[in-house]
Every structure is written in structure tokens, then in C-alpha cells.
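Next up, final17.tsv (TSV, C-alpha atoms):
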```
chain	number	residue	atom	x	y	z
A	12	ASP	CA	-27.63	17.20	45.96
A	13	VAL	CA	-27.65	19.97	48.54
A	14	LYS	CA	-30.74	19.90	50.63
A	15	VAL	CA	-32.02	22.82	52.64
A	16	THR	CA	-35.19	22.15	54.58
A	17	GLN	CA	-37.47	24.46	56.50
A	18	SER	CA	-39.74	23.34	59.30
A	19	SER	CA	-43.03	24.55	57.82
A	20	ARG	CA	-44.33	25.57	54.39
A	21	TYR	CA	-47.23	27.53	55.85
A	22	LEU	CA	-47.65	29.06	59.29
A	23	VAL	CA	-50.38	31.20	60.82
A	24	LYS	CA	-49.70	33.02	64.09
A	25	ARG	CA	-51.34	35.73	66.15
A	26	THR	CA	-49.93	39.17	66.92
A	27	GLY	CA	-47.62	39.05	69.94
A	28	GLU	CA	-46.79	35.35	69.66
A	29	LYS	CA	-43.20	34.15	69.67
A	30	VAL	CA	-42.44	32.38	66.41
A	31	PHE	CA	-39.61	29.99	65.58
A	32	LEU	CA	-38.63	29.19	62.00
A	33	GLU	CA	-36.15	26.36	61.64
A	34	CYS	CA	-33.75	25.69	58.81
A	35	VAL	CA	-31.50	22.66	58.35
A	36	GLN	CA	-28.88	21.99	55.67
A	37	ASP	CA	-27.14	18.69	55.07
A	38	MET	CA	-24.01	19.76	53.18
A	39	ASP	CA	-21.77	21.03	55.97
A	40	HIS	CA	-21.94	24.61	54.66
A	41	GLU	CA	-20.30	27.32	56.73
A	42	ASN	CA	-22.69	30.12	55.81
A	43	MET	CA	-26.42	30.30	56.43
A	44	PHE	CA	-28.86	33.11	55.70
A	45	TRP	CA	-32.40	34.20	56.45
A	46	TYR	CA	-34.30	36.37	53.96
A	47	ARG	CA	-37.81	37.63	53.64
A	48	GLN	CA	-39.41	38.09	50.24
A	49	ASP	CA	-42.19	40.57	49.60
A	50	PRO	CA	-43.80	41.59	46.28
A	51	GLY	CA	-41.91	44.43	44.61
A	52	LEU	CA	-39.13	44.36	47.19
A	53	GLY	CA	-37.31	41.17	46.32
A	54	LEU	CA	-35.27	39.20	48.83
A	55	ARG	CA	-34.06	41.17	51.81
A	56	LEU	CA	-31.43	39.80	54.17
A	57	ILE	CA	-32.47	39.60	57.81
A	58	TYR	CA	-29.52	37.82	59.45
A	59	PHE	CA	-26.70	35.59	58.42
A	60	SER	CA	-24.18	33.35	60.12
A	61	TYR	CA	-20.72	32.31	58.95
A	62	ASP	CA	-19.98	29.86	61.75
A	63	VAL	CA	-21.54	28.13	64.72
A	64	LYS	CA	-22.63	30.62	67.38
A	65	MET	CA	-21.71	33.51	65.05
A	66	LYS	CA	-24.36	35.85	63.67
A	67	GLU	CA	-24.40	39.11	61.77
A	68	LYS	CA	-27.22	41.53	61.11
A	69	GLY	CA	-28.41	41.84	57.56
A	70	ASP	CA	-30.32	44.76	56.09
A	71	ILE	CA	-33.56	44.42	58.11
A	72	PRO	CA	-32.83	42.75	61.48
A	73	GLU	CA	-35.34	44.73	63.55
A	74	GLY	CA	-37.91	42.51	65.22
A	75	TYR	CA	-35.91	39.33	64.58
A	76	SER	CA	-33.20	37.31	66.27
A	77	VAL	CA	-31.35	34.15	65.27
A	78	SER	CA	-29.64	31.17	66.79
A	79	ARG	CA	-26.96	28.86	65.42
A	80	GLU	CA	-26.04	26.28	68.01
A	81	LYS	CA	-25.09	23.62	65.45
A	82	LYS	CA	-23.50	24.02	62.04
A	83	GLU	CA	-26.42	22.46	60.17
A	84	ARG	CA	-29.21	24.40	61.87
A	85	PHE	CA	-30.08	28.12	61.73
A	86	SER	CA	-33.19	29.36	63.50
A	87	LEU	CA	-35.05	32.61	62.99
A	88	ILE	CA	-37.02	33.95	65.93
A	89	LEU	CA	-39.75	36.55	65.93
A	90	GLU	CA	-39.87	37.62	69.58
A	91	SER	CA	-43.33	39.20	69.30
A	92	ALA	CA	-44.91	38.71	65.91
A	93	SER	CA	-46.55	41.68	64.21
A	94	THR	CA	-48.74	41.90	61.13
A	95	ASN	CA	-45.98	43.60	59.14
A	96	GLN	CA	-43.93	40.42	59.51
A	97	THR	CA	-46.39	38.55	57.31
A	98	SER	CA	-44.14	37.41	54.48
A	99	MET	CA	-42.38	34.56	52.73
A	100	TYR	CA	-39.25	33.56	54.67
A	101	LEU	CA	-36.43	31.88	52.81
A	102	CYS	CA	-33.42	30.18	54.32
A	103	ALA	CA	-30.23	29.61	52.33
A	104	SER	CA	-26.83	28.06	52.87
A	105	SER	CA	-23.53	28.25	51.02
A	106	PRO	CA	-19.98	27.03	51.22
A	107	GLN	CA	-17.53	29.92	51.58
A	108	GLY	CA	-17.87	32.45	48.81
A	109	ASN	CA	-20.04	30.39	46.50
A	110	GLU	CA	-23.63	30.20	45.34
A	111	GLN	CA	-26.41	30.05	47.86
A	112	PHE	CA	-28.83	27.13	48.00
A	113	PHE	CA	-32.33	27.95	49.09
A	114	GLY	CA	-34.93	26.08	51.10
A	115	PRO	CA	-38.57	25.85	49.94
A	116	GLY	CA	-39.67	28.82	52.04
A	117	THR	CA	-42.15	29.36	54.86
A	118	ARG	CA	-45.16	31.52	54.18
A	119	LEU	CA	-45.95	33.17	57.51
A	120	THR	CA	-49.22	34.96	58.15
A	121	VAL	CA	-49.58	37.03	61.32
A	122	LEU	CA	-53.18	37.84	62.21
B	6	GLY	CA	-24.76	49.64	50.31
B	7	GLN	CA	-26.11	48.15	47.14
B	8	ASN	CA	-28.61	49.49	44.62
B	9	ILE	CA	-29.76	46.93	42.06
B	10	ASP	CA	-32.28	47.65	39.31
B	11	GLN	CA	-34.04	45.32	36.90
B	12	PRO	CA	-37.32	45.61	35.00
B	13	THR	CA	-40.43	44.44	36.80
B	14	GLU	CA	-42.05	42.46	33.99
B	15	MET	CA	-41.36	41.18	30.50
B	16	THR	CA	-43.50	39.21	28.07
B	17	ALA	CA	-42.29	37.18	25.11
B	18	THR	CA	-43.49	34.52	22.71
B	19	GLU	CA	-42.53	30.86	22.82
B	20	GLY	CA	-39.38	30.30	20.74
B	21	ALA	CA	-38.28	33.93	20.97
B	22	ILE	CA	-35.35	35.54	22.79
B	23	VAL	CA	-35.60	37.75	25.86
B	24	GLN	CA	-32.88	39.85	27.48
B	25	ILE	CA	-33.22	40.85	31.13
B	26	ASN	CA	-31.02	43.77	32.13
B	27	CYS	CA	-29.62	44.43	35.58
B	28	THR	CA	-27.75	47.55	36.65
B	29	TYR	CA	-26.06	47.91	39.99
B	30	GLN	CA	-24.29	50.47	42.14
B	31	THR	CA	-22.38	48.84	44.95
B	32	SER	CA	-19.86	49.71	47.62
B	33	GLY	CA	-18.03	46.43	46.98
B	34	PHE	CA	-18.31	43.97	44.12
B	35	ASN	CA	-17.26	40.35	44.14
B	36	GLY	CA	-19.43	38.80	41.44
B	37	LEU	CA	-23.00	38.66	40.13
B	38	PHE	CA	-25.52	35.82	40.24
B	39	TRP	CA	-28.71	35.13	38.34
B	40	TYR	CA	-31.38	32.97	39.94
B	41	GLN	CA	-34.66	31.61	38.56
B	42	GLN	CA	-37.71	31.40	40.80
B	43	HIS	CA	-40.97	29.75	39.76
B	44	ALA	CA	-44.08	30.90	41.57
B	45	GLY	CA	-44.29	29.40	45.05
B	46	GLU	CA	-40.87	27.80	44.83
B	47	ALA	CA	-37.34	28.52	46.03
B	48	PRO	CA	-34.85	30.41	43.85
B	49	THR	CA	-32.47	28.15	41.94
B	50	PHE	CA	-29.02	29.09	40.66
B	51	LEU	CA	-28.63	29.89	36.96
B	52	SER	CA	-25.29	31.64	36.46
B	53	TYR	CA	-22.39	33.44	38.06
B	54	ASN	CA	-20.16	36.13	36.50
B	55	VAL	CA	-17.12	37.58	38.19
B	56	LEU	CA	-15.11	38.69	35.12
B	57	ASP	CA	-16.27	40.81	32.19
B	58	GLY	CA	-17.77	38.96	29.27
B	59	LEU	CA	-20.33	36.38	28.31
B	60	GLU	CA	-20.95	33.04	30.05
B	61	GLU	CA	-23.06	30.59	28.05
B	62	LYS	CA	-24.97	27.65	29.45
B	63	GLY	CA	-27.23	26.03	26.94
B	64	ARG	CA	-30.21	28.28	26.21
B	65	PHE	CA	-29.18	30.75	28.93
B	66	SER	CA	-26.31	33.23	28.76
B	67	SER	CA	-25.20	35.90	31.18
B	68	PHE	CA	-23.06	38.96	30.47
B	69	LEU	CA	-21.16	41.26	32.82
B	70	SER	CA	-19.51	44.66	32.41
B	71	ARG	CA	-17.95	45.71	35.71
B	72	SER	CA	-16.97	49.18	34.47
B	73	LYS	CA	-20.59	49.90	33.52
B	74	GLY	CA	-22.17	48.17	36.53
B	75	TYR	CA	-24.29	46.18	34.11
B	76	SER	CA	-25.32	42.60	33.49
B	77	TYR	CA	-27.90	40.86	31.38
B	78	LEU	CA	-29.44	37.41	31.27
B	79	LEU	CA	-30.32	36.15	27.80
B	80	LEU	CA	-32.93	33.44	27.41
B	81	LYS	CA	-33.03	31.86	23.96
B	82	GLU	CA	-35.60	29.55	22.35
B	83	LEU	CA	-38.09	30.40	25.04
B	84	GLN	CA	-40.25	27.61	26.41
B	85	MET	CA	-43.43	27.85	28.47
B	86	LYS	CA	-41.55	26.47	31.48
B	87	ASP	CA	-39.28	29.55	31.39
B	88	SER	CA	-42.16	31.63	32.76
B	89	ALA	CA	-40.73	32.62	36.14
B	90	SER	CA	-39.14	35.42	38.08
B	91	TYR	CA	-35.45	36.08	37.41
B	92	LEU	CA	-33.40	37.55	40.21
B	93	CYS	CA	-30.18	39.49	39.81
B	94	ALA	CA	-27.92	39.37	42.89
B	95	VAL	CA	-24.62	41.08	43.57
B	96	LYS	CA	-22.04	39.54	45.85
B	97	GLY	CA	-20.22	41.91	48.16
B	98	ARG	CA	-17.62	41.28	50.80
B	99	ALA	CA	-19.10	41.59	54.27
B	100	LEU	CA	-16.45	39.91	56.38
B	101	ASP	CA	-13.32	37.98	55.65
B	102	ASN	CA	-15.16	34.69	55.69
B	103	ASP	CA	-18.52	35.60	54.30
B	104	TYR	CA	-20.08	36.99	51.19
B	105	LYS	CA	-23.48	38.64	51.31
B	106	LEU	CA	-25.80	38.69	48.35
B	107	SER	CA	-27.91	41.75	47.62
B	108	PHE	CA	-30.90	41.00	45.39
B	109	GLY	CA	-32.82	43.05	42.89
B	110	ALA	CA	-36.61	42.95	43.09
B	111	GLY	CA	-36.80	40.39	40.28
B	112	THR	CA	-38.13	40.38	36.72
B	113	THR	CA	-41.27	38.35	36.03
B	114	VAL	CA	-41.06	36.80	32.56
B	115	THR	CA	-44.26	35.52	30.98
B	116	VAL	CA	-43.94	33.28	27.94
B	117	ARG	CA	-46.97	33.19	25.66
B	118	ALA	CA	-47.82	30.45	23.19
```

Encoding of this model in C-alpha cells:
Amino acid sequence: DVKVTQSSRYLVKRTGEKVFLECVQDMDHENMFWYRQDPGLGLRLIYFSYDVKMKEKGDIPEGYSVSREKKERFSLILESASTNQTSMYLCASSPQGNEQFFGPGTRLTVL
Amino acid sequence: GQNIDQPTEMTATEGAIVQINCTYQTSGFNGLFWYQQHAGEAPTFLSYNVLDGLEEKGRFSSFLSRSKGYSYLLLKELQMKDSASYLCAVKGRALDNDYKLSFGAGTTVTVRA
């Protein structure tokens, strides 16, 4: 079975802190994705990566950056956390062109 | 860009049938996914349609009409465990080697005894 893991299920940070969310997949997938999910808005794509060291902006990249130094790991970085970044963050991976497999999510609260 | 619409909520009785509609307007179309998401959990894959017609998988079926920009997910013989959010997602071509998914806001289905 494909396994996508995220470093934390719940995280509480303060405004202005730098936040790292880690995602690891064990199926050698080329593509990895970071979404945020908010009530009434569904999943919105923040960044994605189709290869090591490659990254592309999604629909809402502002306030975020990413890093993909190894194929299995895709990190989302909030340079200076703000309250409007309180959300559920979901990581996903997929082989080329196929379904995406999601991690369990990280519920981030920024106070 | 992508514009994907689905109803916010639906309620049905155990054993009944529910049909969740999804309409989309997209700048590029390369297939449509349905995912199921239970509260507090990750979305899990249900179905994928790339050609017109009906795909059946046990109690769940999914239909696609590309000319109408329309899909539906049909849940038959509803069970209490089917209470969840159902997400419609359209696959577009972003780059030669990658396929982005654009998601609708999700339909929350509540199954009553």
C-alpha cells in the first residue's frame, strides 16, 4: 500500500513564527502536492513538484515556499505564519498522471 | 482556470440511492476523479472517468459527459458508513510531466437510519 506520512497531526504556532510541515511518501512517486483545506472552499493547491528540486506554484502560493531535496520528501514552509494560515494542510503524491494519494493531514493553528 | 460546482449537502436514508452532481468549466480536461473523505481523515480515491459513460464499482458508480461538462457519483444501498464528504476533482494538464487536480468544495452526505 502507498503510504504518505506527515510530520504532525496537530500543530499550534504563534504569529510570525517560521513553520515547517514535512511530508514523506514511500512509493517512489514523481509528483508531490501541498493543499490546504478550508470549510466551504475545498482543497486548494499551494505548490506542487514533479521532480527533485523542481517546484511549481499552485493556485494560492502567497506566504508559502517549498523544498524537495529528495524524491520521497516534500516540505512546506510558512516563512512568517499568520492567523489566516490556520487550516488543514494535506500532502499528496502520485505517479505520473494517475490518482493522488493523500497523507492524514496536519491541522495548523496560528495564534 | 477551473470552475467546479457540486451541492454543499445531501441527506438520504439508509438503503436508499443518492446522486451527487458535479459540473465543471475548465481550460483543459484530462479526466475526472471522485474522492471520499470522512471527517478528520484524508481523502481516498473512489473513481476515475476519462471517457464518456458510466463506470461501476460495486455500490458506487460514476458517470461522465465531457460535452456537457458534467459528472455524477451514484451511491446505492446507502450504509451509515457512507456518511462523508465527496469531492469532485478535474485533472488538467499543467506541464508535460504533471497533472494538477482542481477540486470542488465537496458534498457532505448524511445517511440517516

Give me, as an NGL selection string, the residues of chain A touching chain B, with the criterion being at most 12 Å (counting only C-alpha atoms).
:A and (13-17 or 20-21 or 40-62 or 65-70 or 99-118)

Quick one: pull the distance between atom CA of B:Ala44 and atom CA of B:Ser88, Å, one decimal.
9.0 Å

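Distance annotation: of B:Thr113, B:Ser32, B:Gln42, B:Ser66, the residue with the minimal separation from B:Leu80 is B:Ser66; atom set is only C-alpha atoms.
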
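Residue nearest A:Ser78, chosen from A:Leu32, A:Thr26, A:Gln96, A:Ser19 and counting all atoms listed in the file: A:Leu32.
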
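The coordinates place atom CA of B:Asn54 at 6.4 Å from atom CA of B:Leu69.
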
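With distances taken over all atoms listed in the file, A:Asn95 is the one residue among A:Ser76, A:Ser18, A:Asn95, A:Gln36 lying closest to A:Val121.
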